[in-house]
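Structure file start-v5.tsv (TSV, C-alpha atoms) follows.
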chain	number	residue	atom	x	y	z
V	12	MET	CA	-20.80	-99.55	-26.75
V	13	LEU	CA	-22.18	-97.18	-24.11
V	14	SER	CA	-20.39	-99.07	-21.37
V	15	THR	CA	-17.01	-98.62	-23.03
V	16	ARG	CA	-17.12	-95.47	-25.14
V	17	GLY	CA	-19.70	-93.57	-23.14
V	18	PHE	CA	-22.24	-91.05	-24.30
V	19	GLU	CA	-19.46	-89.01	-25.79
V	20	GLY	CA	-18.94	-91.81	-28.33
V	21	LEU	CA	-22.66	-92.30	-28.91
V	22	THR	CA	-23.54	-91.05	-32.35
V	23	LEU	CA	-26.45	-92.06	-34.53
V	24	ARG	CA	-23.92	-93.18	-37.11
V	25	ALA	CA	-22.02	-95.39	-34.65
V	26	VAL	CA	-25.22	-96.98	-33.39
V	27	ALA	CA	-26.45	-97.59	-36.93
V	28	ALA	CA	-23.12	-99.21	-37.81
V	29	GLU	CA	-23.29	-101.43	-34.73
V	30	MET	CA	-26.83	-102.49	-35.59
V	31	GLY	CA	-26.09	-103.01	-39.25
V	32	ALA	CA	-28.87	-100.50	-40.02
V	33	SER	CA	-28.77	-97.39	-42.13
V	34	THR	CA	-28.45	-94.03	-40.45
V	35	GLY	CA	-31.67	-93.05	-42.24
V	36	LEU	CA	-33.62	-95.91	-40.67
V	37	LEU	CA	-32.28	-95.11	-37.21
V	38	THR	CA	-33.06	-91.42	-37.64
V	39	HIS	CA	-36.64	-92.42	-38.43
V	40	TYR	CA	-36.99	-93.84	-34.91
V	41	PHE	CA	-34.66	-91.48	-33.10
V	42	PRO	CA	-34.77	-88.03	-34.66
V	43	SER	CA	-32.03	-86.74	-32.33
V	44	LYS	CA	-29.20	-87.93	-30.17
V	45	LYS	CA	-31.28	-86.86	-27.20
V	46	ALA	CA	-34.09	-89.23	-28.20
V	47	LEU	CA	-31.52	-92.01	-28.52
V	48	VAL	CA	-30.07	-91.22	-25.11
V	49	ALA	CA	-33.50	-91.16	-23.48
V	50	HIS	CA	-34.28	-94.52	-25.06
V	51	ALA	CA	-30.97	-96.03	-23.97
V	52	LEU	CA	-31.62	-94.97	-20.37
V	53	GLU	CA	-35.14	-96.40	-20.44
V	54	VAL	CA	-33.83	-99.73	-21.72
V	55	LEU	CA	-31.20	-99.73	-18.99
V	56	ASP	CA	-33.85	-98.91	-16.40
V	57	ARG	CA	-36.02	-101.83	-17.51
V	58	ARG	CA	-33.04	-104.17	-17.63
V	59	SER	CA	-32.02	-103.13	-14.12
V	60	LEU	CA	-35.52	-103.79	-12.85
V	61	ALA	CA	-35.66	-107.18	-14.57
V	62	ARG	CA	-32.32	-108.58	-13.45
V	63	PRO	CA	-32.12	-110.86	-10.43
V	64	ARG	CA	-31.83	-108.47	-7.53
V	65	ARG	CA	-30.51	-108.73	-4.06
V	66	LEU	CA	-33.89	-107.35	-3.03
V	67	ALA	CA	-35.53	-110.57	-4.17
V	68	PRO	CA	-35.74	-113.28	-1.52
V	69	ALA	CA	-33.96	-116.59	-1.96
V	70	GLU	CA	-36.37	-119.39	-2.75
V	71	GLY	CA	-38.45	-120.37	0.23
V	72	GLU	CA	-37.35	-117.34	2.21
V	73	PRO	CA	-39.43	-114.30	3.11
V	74	PRO	CA	-38.53	-111.05	1.35
V	75	PRO	CA	-36.06	-108.97	3.34
V	76	GLU	CA	-37.54	-106.11	5.30
V	77	GLY	CA	-36.37	-103.22	7.43
V	78	LEU	CA	-32.62	-102.98	7.78
V	79	ALA	CA	-31.94	-106.07	5.66
V	80	ARG	CA	-34.02	-104.57	2.87
V	81	LEU	CA	-32.22	-101.25	3.20
V	82	ARG	CA	-28.89	-103.07	2.91
V	83	ALA	CA	-30.08	-105.07	-0.10
V	84	ALA	CA	-31.36	-101.95	-1.87
V	85	LEU	CA	-28.06	-100.14	-1.32
V	86	LEU	CA	-25.93	-103.13	-2.34
V	87	ASP	CA	-28.02	-103.32	-5.46
V	88	VAL	CA	-26.72	-99.94	-6.60
V	89	LEU	CA	-23.02	-100.81	-6.26
V	90	PRO	CA	-20.80	-102.06	-9.10
V	91	LEU	CA	-20.04	-105.38	-7.40
V	92	ASP	CA	-19.76	-107.45	-10.57
V	93	GLY	CA	-19.39	-107.12	-14.34
V	94	PRO	CA	-23.00	-106.22	-15.16
V	95	GLY	CA	-23.09	-103.89	-12.17
V	96	ARG	CA	-19.99	-102.10	-13.45
V	97	ALA	CA	-21.28	-101.87	-17.02
V	98	GLY	CA	-24.67	-100.56	-15.93
V	99	ASN	CA	-23.16	-98.02	-13.55
V	100	ARG	CA	-20.68	-96.85	-16.14
V	101	ILE	CA	-23.63	-96.01	-18.37
V	102	TRP	CA	-25.54	-94.21	-15.60
V	103	VAL	CA	-22.54	-92.16	-14.53
V	104	GLY	CA	-21.76	-91.43	-18.17
V	105	SER	CA	-25.31	-90.20	-18.73
V	106	TRP	CA	-24.98	-87.45	-16.13
V	107	ASP	CA	-23.08	-85.13	-18.49
V	108	VAL	CA	-25.73	-85.29	-21.21
V	109	ALA	CA	-28.55	-85.24	-18.68
V	110	LEU	CA	-27.31	-82.16	-16.83
V	111	ALA	CA	-27.24	-80.25	-20.11
V	112	ASP	CA	-30.89	-81.07	-20.85
V	113	PRO	CA	-33.76	-80.10	-18.52
V	114	GLU	CA	-35.97	-82.99	-19.67
V	115	LEU	CA	-33.33	-85.68	-19.19
V	116	ALA	CA	-32.23	-84.05	-15.92
V	117	GLY	CA	-35.82	-84.12	-14.71
V	118	ALA	CA	-36.11	-87.82	-15.57
V	119	HIS	CA	-32.93	-88.56	-13.61
V	120	ALA	CA	-34.05	-86.44	-10.66
V	121	ALA	CA	-37.34	-88.36	-10.62
V	122	ARG	CA	-35.51	-91.70	-10.67
V	123	TYR	CA	-33.35	-90.69	-7.72
V	124	ALA	CA	-36.36	-89.32	-5.85
V	125	ARG	CA	-38.18	-92.65	-6.36
V	126	ALA	CA	-35.16	-94.54	-5.09
V	127	ARG	CA	-35.01	-92.26	-2.03
V	128	GLY	CA	-38.68	-93.01	-1.45
V	129	LEU	CA	-37.93	-96.75	-1.30
V	130	LEU	CA	-34.98	-96.16	1.03
V	131	THR	CA	-37.14	-93.96	3.25
V	132	GLU	CA	-39.68	-96.79	3.59
V	133	CYS	CA	-36.88	-99.16	4.56
V	134	VAL	CA	-35.62	-96.76	7.23
V	135	GLU	CA	-39.12	-96.32	8.63
V	136	ALA	CA	-39.67	-100.08	8.70
V	137	ALA	CA	-36.28	-100.65	10.36
V	138	ARG	CA	-37.25	-98.15	13.05
V	139	ARG	CA	-40.59	-99.85	13.62
V	140	LEU	CA	-38.72	-103.15	13.95
V	141	GLY	CA	-36.36	-101.60	16.48
V	142	GLU	CA	-33.37	-102.17	14.18
V	143	LEU	CA	-32.57	-98.47	13.79
V	144	PRO	CA	-32.76	-95.84	16.52
V	145	ALA	CA	-34.83	-92.69	16.20
V	146	GLY	CA	-32.88	-89.77	14.83
V	147	PRO	CA	-33.08	-87.40	11.88
V	148	PRO	CA	-36.18	-87.63	9.63
V	149	ALA	CA	-36.21	-90.91	7.70
V	150	ASP	CA	-35.95	-89.11	4.37
V	151	GLU	CA	-32.76	-87.40	5.52
V	152	VAL	CA	-31.27	-90.76	6.44
V	153	ALA	CA	-32.37	-92.06	3.01
V	154	ALA	CA	-30.86	-89.09	1.15
V	155	ALA	CA	-27.57	-89.53	3.01
V	156	ALA	CA	-27.46	-93.26	2.29
V	157	GLN	CA	-28.17	-92.62	-1.39
V	158	ALA	CA	-25.38	-90.03	-1.52
V	159	PHE	CA	-23.04	-92.54	0.06
V	160	VAL	CA	-23.65	-95.31	-2.47
V	161	LEU	CA	-23.69	-92.98	-5.49
V	162	GLY	CA	-20.30	-91.59	-4.48
V	163	LEU	CA	-19.00	-95.09	-3.85
V	164	VAL	CA	-20.07	-96.03	-7.38
V	165	VAL	CA	-17.96	-93.19	-8.79
V	166	GLN	CA	-14.94	-94.13	-6.66
V	167	ALA	CA	-15.20	-97.78	-7.64
V	168	LEU	CA	-15.52	-97.00	-11.37
V	169	PHE	CA	-12.38	-94.85	-11.36
V	170	ALA	CA	-10.34	-97.11	-9.07
V	171	PRO	CA	-11.70	-100.65	-9.48
V	172	ALA	CA	-8.52	-102.23	-8.10
V	173	GLU	CA	-8.75	-100.12	-4.95
V	174	PHE	CA	-12.48	-100.71	-4.53
V	175	PRO	CA	-13.15	-104.42	-5.12
V	176	ALA	CA	-16.60	-105.77	-4.23
V	177	ARG	CA	-15.41	-106.85	-0.80
V	178	ARG	CA	-14.25	-103.35	0.14
V	179	GLN	CA	-17.42	-101.72	-1.19
V	180	THR	CA	-19.52	-104.12	0.87
V	181	GLY	CA	-17.35	-103.51	3.93
V	182	LEU	CA	-17.68	-99.73	3.58
V	183	LEU	CA	-21.45	-100.06	3.25
V	184	ASP	CA	-21.63	-102.30	6.31
V	185	ASP	CA	-19.57	-99.79	8.31
V	186	TYR	CA	-21.96	-97.09	7.16
V	187	LEU	CA	-24.99	-99.12	8.25
V	188	ALA	CA	-23.36	-100.02	11.57
V	189	ARG	CA	-23.07	-96.31	12.33
V	190	LEU	CA	-26.78	-95.87	11.55
V	191	VAL	CA	-27.56	-98.75	13.88
V	192	ALA	CA	-25.44	-97.22	16.61
V	193	GLY	CA	-27.17	-93.86	16.25
V	194	GLY	CA	-25.11	-91.00	17.57
V	195	ASP	CA	-26.60	-88.20	15.54
V	196	GLY	CA	-28.10	-86.45	18.50
V	197	ASP	CA	-25.16	-84.09	18.54
V	198	ARG	CA	-25.59	-82.44	15.20
V	199	HIS	CA	-22.53	-80.24	15.38
V	200	ALA	CA	-19.46	-82.25	14.69
V	201	GLY	CA	-17.23	-79.68	16.29
V	202	GLY	CA	-18.94	-80.31	19.58
V	203	HIS	CA	-16.95	-83.24	20.94
V	204	GLY	CA	-20.09	-85.25	21.35
V	205	GLY	CA	-18.59	-88.69	21.08
V	206	GLY	CA	-17.44	-91.41	23.31
V	207	SER	CA	-15.26	-94.15	21.95
V	208	SER	CA	-17.59	-97.00	21.38
V	209	ALA	CA	-15.60	-98.84	18.75
R	24	MET	CA	-19.85	-73.32	-21.82
R	25	LEU	CA	-18.74	-76.49	-20.05
R	26	SER	CA	-20.86	-75.68	-17.06
R	27	THR	CA	-24.02	-75.41	-19.14
R	28	ARG	CA	-23.60	-77.61	-22.22
R	29	GLY	CA	-21.23	-80.16	-20.75
R	30	PHE	CA	-18.51	-82.15	-22.44
R	31	GLU	CA	-21.08	-83.46	-24.86
R	32	GLY	CA	-21.35	-79.94	-26.27
R	33	LEU	CA	-17.62	-79.35	-26.19
R	34	THR	CA	-16.32	-79.31	-29.73
R	35	LEU	CA	-13.21	-77.64	-31.07
R	36	ARG	CA	-15.46	-75.63	-33.34
R	37	ALA	CA	-17.68	-74.40	-30.49
R	38	VAL	CA	-14.68	-73.44	-28.38
R	39	ALA	CA	-13.06	-71.62	-31.30
R	40	ALA	CA	-16.29	-69.72	-31.91
R	41	GLU	CA	-16.54	-68.76	-28.24
R	42	MET	CA	-12.93	-67.55	-28.23
R	43	GLY	CA	-13.27	-65.73	-31.52
R	44	ALA	CA	-10.38	-67.83	-32.83
R	45	SER	CA	-10.19	-69.97	-35.93
R	46	THR	CA	-10.60	-73.72	-35.61
R	47	GLY	CA	-7.19	-74.05	-37.26
R	48	LEU	CA	-5.49	-71.98	-34.56
R	49	LEU	CA	-7.19	-73.94	-31.79
R	50	THR	CA	-6.26	-77.24	-33.43
R	51	HIS	CA	-2.66	-76.08	-33.39
R	52	TYR	CA	-2.73	-76.04	-29.58
R	53	PHE	CA	-5.20	-78.86	-29.00
R	54	PRO	CA	-4.84	-81.51	-31.67
R	55	SER	CA	-7.79	-83.49	-30.29
R	56	LYS	CA	-10.86	-83.11	-28.18
R	57	LYS	CA	-9.13	-85.20	-25.55
R	58	ALA	CA	-6.28	-82.70	-25.32
R	59	LEU	CA	-8.85	-79.92	-24.93
R	60	VAL	CA	-10.68	-81.85	-22.21
R	61	ALA	CA	-7.44	-82.57	-20.33
R	62	HIS	CA	-6.54	-78.88	-20.51
R	63	ALA	CA	-9.99	-77.77	-19.35
R	64	LEU	CA	-9.73	-80.06	-16.32
R	65	GLU	CA	-6.26	-78.80	-15.46
R	66	VAL	CA	-7.47	-75.19	-15.62
R	67	LEU	CA	-10.41	-76.10	-13.38
R	68	ASP	CA	-8.06	-77.86	-10.97
R	69	ARG	CA	-5.82	-74.79	-10.73
R	70	ARG	CA	-8.81	-72.50	-10.35
R	71	SER	CA	-10.20	-74.69	-7.56
R	72	LEU	CA	-6.88	-74.60	-5.76
R	73	ALA	CA	-6.61	-70.83	-6.17
R	74	ARG	CA	-10.07	-69.84	-5.00
R	75	PRO	CA	-10.63	-68.77	-1.39
R	76	ARG	CA	-11.23	-72.03	0.40
R	77	ARG	CA	-12.95	-72.97	3.58
R	78	LEU	CA	-9.70	-74.68	4.44
R	79	ALA	CA	-7.98	-71.32	4.69
R	80	PRO	CA	-8.16	-69.75	8.13
R	81	ALA	CA	-9.93	-66.45	8.68
R	82	GLU	CA	-7.53	-63.59	9.26
R	83	GLY	CA	-5.84	-63.80	12.63
R	84	GLU	CA	-7.13	-67.32	13.25
R	85	PRO	CA	-5.09	-70.51	13.23
R	86	PRO	CA	-5.71	-72.91	10.33
R	87	PRO	CA	-8.34	-75.52	11.15
R	88	GLU	CA	-7.03	-78.92	12.12
R	89	GLY	CA	-8.38	-82.34	12.96
R	90	LEU	CA	-12.15	-82.61	12.76
R	91	ALA	CA	-12.64	-78.94	11.81
R	92	ARG	CA	-10.23	-79.40	8.91
R	93	LEU	CA	-11.98	-82.59	7.85
R	94	ARG	CA	-15.30	-80.71	7.84
R	95	ALA	CA	-13.79	-77.79	5.89
R	96	ALA	CA	-12.27	-80.11	3.30
R	97	LEU	CA	-15.57	-81.94	2.78
R	98	LEU	CA	-17.62	-78.72	2.66
R	99	ASP	CA	-15.20	-77.47	0.06
R	100	VAL	CA	-16.29	-80.21	-2.34
R	101	LEU	CA	-20.02	-79.46	-2.14
R	102	PRO	CA	-21.95	-77.23	-4.59
R	103	LEU	CA	-22.96	-74.72	-1.93
R	104	ASP	CA	-22.89	-71.65	-4.15
R	105	GLY	CA	-22.84	-70.60	-7.82
R	106	PRO	CA	-19.13	-71.22	-8.49
R	107	GLY	CA	-19.33	-74.48	-6.53
R	108	ARG	CA	-22.24	-75.63	-8.69
R	109	ALA	CA	-20.55	-74.61	-11.96
R	110	GLY	CA	-17.28	-76.31	-11.02
R	111	ASN	CA	-19.00	-79.48	-9.88
R	112	ARG	CA	-21.14	-79.59	-12.97
R	113	ILE	CA	-17.93	-79.66	-15.01
R	114	TRP	CA	-16.32	-82.35	-12.86
R	115	VAL	CA	-19.39	-84.58	-12.93
R	116	GLY	CA	-19.71	-83.96	-16.66
R	117	SER	CA	-16.12	-84.98	-17.22
R	118	TRP	CA	-16.69	-88.47	-15.82
R	119	ASP	CA	-18.25	-89.75	-19.05
R	120	VAL	CA	-15.31	-88.69	-21.21
R	121	ALA	CA	-12.78	-89.70	-18.57
R	122	LEU	CA	-14.18	-93.21	-18.09
R	123	ALA	CA	-13.82	-93.82	-21.82
R	124	ASP	CA	-10.14	-92.87	-21.80
R	125	PRO	CA	-7.53	-94.67	-19.65
R	126	GLU	CA	-5.27	-91.62	-19.43
R	127	LEU	CA	-8.00	-89.21	-18.33
R	128	ALA	CA	-9.42	-91.89	-16.01
R	129	GLY	CA	-5.99	-92.31	-14.43
R	130	ALA	CA	-5.69	-88.57	-13.88
R	131	HIS	CA	-9.10	-88.51	-12.19
R	132	ALA	CA	-8.27	-91.56	-10.07
R	133	ALA	CA	-5.02	-89.84	-8.98
R	134	ARG	CA	-6.93	-86.67	-8.06
R	135	TYR	CA	-9.39	-88.60	-5.91
R	136	ALA	CA	-6.58	-90.62	-4.31
R	137	ARG	CA	-4.78	-87.37	-3.39
R	138	ALA	CA	-7.97	-85.98	-1.89
R	139	ARG	CA	-8.42	-89.19	0.12
R	140	GLY	CA	-4.87	-88.78	1.35
R	141	LEU	CA	-5.69	-85.33	2.72
R	142	LEU	CA	-8.88	-86.63	4.34
R	143	THR	CA	-6.95	-89.53	5.87
R	144	GLU	CA	-4.52	-87.06	7.47
R	145	CYS	CA	-7.45	-85.12	8.90
R	146	VAL	CA	-8.97	-88.29	10.38
R	147	GLU	CA	-5.64	-89.28	11.94
R	148	ALA	CA	-5.19	-85.80	13.38
R	149	ALA	CA	-8.74	-85.78	14.74
R	150	ARG	CA	-8.05	-89.09	16.47
R	151	ARG	CA	-4.83	-87.78	17.98
R	152	LEU	CA	-6.78	-84.77	19.24
R	153	GLY	CA	-9.38	-87.07	20.77
R	154	GLU	CA	-12.11	-85.66	18.49
R	155	LEU	CA	-12.78	-88.95	16.73
R	156	PRO	CA	-12.86	-92.37	18.36
R	157	ALA	CA	-10.71	-95.26	17.18
R	158	GLY	CA	-12.42	-97.48	14.65
R	159	PRO	CA	-11.83	-98.65	11.09
R	160	PRO	CA	-8.51	-97.69	9.45
R	161	ALA	CA	-8.32	-93.93	8.80
R	162	ASP	CA	-8.15	-94.44	5.04
R	163	GLU	CA	-11.42	-96.38	5.15
R	164	VAL	CA	-13.07	-93.52	7.01
R	165	ALA	CA	-11.62	-91.13	4.42
R	166	ALA	CA	-12.84	-93.21	1.48
R	167	ALA	CA	-16.32	-93.39	2.97
R	168	ALA	CA	-16.43	-89.64	3.60
R	169	GLN	CA	-15.30	-88.94	0.07
R	170	ALA	CA	-17.99	-91.26	-1.30
R	171	PHE	CA	-20.56	-89.43	0.79
R	172	VAL	CA	-19.71	-85.94	-0.50
R	173	LEU	CA	-19.29	-87.06	-4.13
R	174	GLY	CA	-22.73	-88.64	-4.08
R	175	LEU	CA	-24.18	-85.58	-2.40
R	176	VAL	CA	-22.74	-83.45	-5.22
R	177	VAL	CA	-24.60	-85.57	-7.76
R	178	GLN	CA	-27.86	-85.39	-5.81
R	179	ALA	CA	-27.57	-81.64	-5.41
R	180	LEU	CA	-26.82	-81.05	-9.10
R	181	PHE	CA	-29.89	-82.98	-10.21
R	182	ALA	CA	-32.22	-81.65	-7.52
R	183	PRO	CA	-30.90	-78.22	-6.50
R	184	ALA	CA	-34.24	-77.17	-5.01
R	185	GLU	CA	-34.33	-80.27	-2.82
R	186	PHE	CA	-30.69	-79.93	-1.78
R	187	PRO	CA	-30.05	-76.28	-0.94
R	188	ALA	CA	-26.74	-75.41	0.75
R	189	ARG	CA	-28.33	-75.61	4.18
R	190	ARG	CA	-29.53	-79.18	3.69
R	191	GLN	CA	-26.19	-80.29	2.23
R	192	THR	CA	-24.38	-78.82	5.23
R	193	GLY	CA	-26.86	-80.44	7.61
R	194	LEU	CA	-26.42	-83.85	5.98
R	195	LEU	CA	-22.65	-83.49	6.21
R	196	ASP	CA	-22.88	-82.50	9.88
R	197	ASP	CA	-25.10	-85.50	10.61
R	198	TYR	CA	-22.53	-87.67	8.86
R	199	LEU	CA	-19.70	-86.22	10.94
R	200	ALA	CA	-21.70	-86.52	14.15
R	201	ARG	CA	-22.00	-90.26	13.52
R	202	LEU	CA	-18.24	-90.47	13.07
R	203	VAL	CA	-17.79	-88.61	16.33
R	204	ALA	CA	-20.16	-90.97	18.08
R	205	GLY	CA	-18.32	-94.00	16.74
R	206	GLY	CA	-20.44	-97.12	16.75
R	207	ASP	CA	-18.69	-99.03	14.02
R	208	GLY	CA	-17.47	-101.74	16.32
R	209	ASP	CA	-20.40	-103.87	15.22
R	210	ARG	CA	-19.60	-104.25	11.56
R	211	HIS	CA	-22.64	-106.28	10.60
R	212	ALA	CA	-25.64	-104.10	10.29
R	213	GLY	CA	-27.98	-107.03	10.72
R	214	GLY	CA	-26.65	-107.56	14.21
R	215	HIS	CA	-28.91	-105.28	16.22
R	216	GLY	CA	-25.93	-103.51	17.67
R	217	GLY	CA	-27.54	-100.19	18.40
R	218	GLY	CA	-29.06	-98.39	21.27
R	219	SER	CA	-31.13	-95.29	20.74
R	220	SER	CA	-28.81	-92.47	21.45
R	221	ALA	CA	-30.49	-89.80	19.37

Take the structure in this file and express it as C-alpha cells.
Amino acid sequence: MLSTRGFEGLTLRAVAAEMGASTGLLTHYFPSKKALVAHALEVLDRRSLARPRRLAPAEGEPPPEGLARLRAALLDVLPLDGPGRAGNRIWVGSWDVALADPELAGAHAARYARARGLLTECVEAARRLGELPAGPPADEVAAAAQAFVLGLVVQALFAPAEFPARRQTGLLDDYLARLVAGGDGDRHAGGHGGGSSA
Amino acid sequence: MLSTRGFEGLTLRAVAAEMGASTGLLTHYFPSKKALVAHALEVLDRRSLARPRRLAPAEGEPPPEGLARLRAALLDVLPLDGPGRAGNRIWVGSWDVALADPELAGAHAARYARARGLLTECVEAARRLGELPAGPPADEVAAAAQAFVLGLVVQALFAPAEFPARRQTGLLDDYLARLVAGGDGDRHAGGHGGGSSA
C-alpha cells in the first residue's frame, strides 16, 4: 500500500483493513500514525539490508573493494528494478512525514550519515588503491555522490520512461568517470580551468 | 503551515482554520485535498518565479550566460537561506502526495523536464563559449546536474547543520569544476582512466 498510495494514504484504519485486523488491535501496537510510520521504515530498512545486494560478491569471487565497491553501493540505491522502485517510492514518500517530526527526521539523518560513512570508506580505499586521485576530503566526495544518487532516484521515480535502468547506470558511470579523472583542483567553475579531455 | 507540518498535516479543516474561513467555503473552491495541493504547488511555483533570483543580473550588469548561468540556475534550487529552505521543504514534502497521483506526478515531471531544458541550454551555451569541454550529450549533463542539486536539497533539509549554505555552494562548485575539467571520455569507472590532477 505504501508503495502505491504513499504515507498520505497510510491510516491506521486502512492498514487494519488490509491486515484483516480491527483498528483497536492495531492501535494497541501502534498508538499513533507516527509509531506506524517509524515501524514501516524499520521494516523497510531491514528488508533492504536482507535483500541480495550488488555489494555482495558473486559466488567464488572476492567482495568488491575501492571504486568497484563505491559503484556497487551507489547502484544499490537506484530504482533499477521493480523492488528498487517500490522501496524508493516509500523512502521518498516518507520524507514529508519525517521532515515534520524531529524524531523521524533524526532517524533519517542518521541513516544518511551512516550511508555517507560507508561511501567515505570506499573513496578512501579507492584512493589507497590508486583508483581515485587525491582531491577534496573523502567525506565531501561521499556527500556529493550521495546527493547525486538521491536526486537521480527522485528523477527516475517521476519520469521512469525517461530514466530507465540503463540510463541511470550510464549517468552514474559518467559521474564516477569524472571522479576518476579528477579535475577538482580548480574549485571555481568560473575560472576556465579545463582542457578538453573527453 | 506546509513548510512546517507538511502535506501530511494539510487538511481542508486546518487550512480553513488558518484562514479564518469556514470549511464549507474552502470546500467550495477546493473540492478535494488534491485540488488544494495542486493549488498550493502552483502558488509556490509562481512565488519561486517571482522572487529575486540569482539568475537575474545585478543592476548594470549583463545577464549571466553559459557556465555562470548554469551555476546560477543550480544555486537557485538549493536551500541556501530561510525562504529557500521553506520552499524546498514544501517541494520535497509534495513528492509523497504527487507520486500517489498520476496528474500531480505528471505536473511535477513536466516541471523537472522544463528545468532540465533550461540547464541543457546553459550547457550548450557554455560549450559554445569554450567554458565546458565536449563530452556526453548536453541533456545528459543537465540531467546529472539536476540529480545532484535535488539530492543535495534532500541532504541539506535533513541535516541543515552539516550542510550550511557554504558547504552546499562548495559542493556545487566542486561538481562544476569536474565538468569544466572534463574527463568523461572513459565511461567505465573501473577502467583506471584517471591521472591525479588535483

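In this comparison, which uses all atoms listed in the file, the residue of V:Gly35, V:Pro175, V:Pro73, V:Gly20 approaching chain R most closely is V:Gly20.
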
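Closest approach to chain R from the set V:Leu89, V:Ala118, V:Ala176, V:Ala79 is made by V:Ala79, with distances taken over all atoms listed in the file.
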
One decimal, in Å: what's the spacing between CA of Val103 (chain V) and CA of Asp119 (chain R)?
6.7 Å

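Coordinates place CA of Ala49 (chain V) at a distance of 16.8 Å from CA of Arg24 (chain V).
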
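Look at Leu115 (chain V): the protein and nucleic acid residues within 12 Å of it, using all atoms listed in the file and passing over chain neighbours fewer than 6 places away, are Lys44, Lys45, Ala46, Leu47, Val48, Ala49, His50, Ala51, Leu52, Glu53, Ser105, Trp106, Asp107, Val108, Ala109, Ala121 and Arg122 of chain V; Phe181 of chain R.
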
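CA of Val164 (chain V) is positioned 10.5 Å from CA of Phe171 (chain R).
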
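Residues within 6 Å of Gly77 (chain V), counting all atoms listed in the file and excluding same-chain residues fewer than 2 positions away, are Ala79, Arg80, Cys133, Ala136 and Ala137 of chain V.
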
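Among the candidates V:Ala116, V:Gln179, V:Phe174, V:Glu76, the residue lying nearest to Leu129 (chain V) is V:Glu76 (atoms considered: only C-alpha atoms).
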
Within 7 Å of region 154-157 of chain V, counting only C-alpha atoms, which residues show up once you throw out same-chain ones fewer than 4 positions away? Write them as a list in words, please.
Arg127, Asp150 and Leu161 of chain V; Leu194 of chain R

From the list V:Tyr186, V:Ala28, V:Leu168, V:Arg125, which residue is nearest Gly93 (chain V) when using all atoms listed in the file?
V:Leu168

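Counting only C-alpha atoms and comparing R:Leu98, R:Leu155, R:Ala204, R:Ala138, the residue that lies closest to chain V is R:Ala204.
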
Residue with smallest distance to chain V - pool R:Arg190, R:Arg28, R:Arg151, R:His51, counting all atoms listed in the file:
R:Arg28
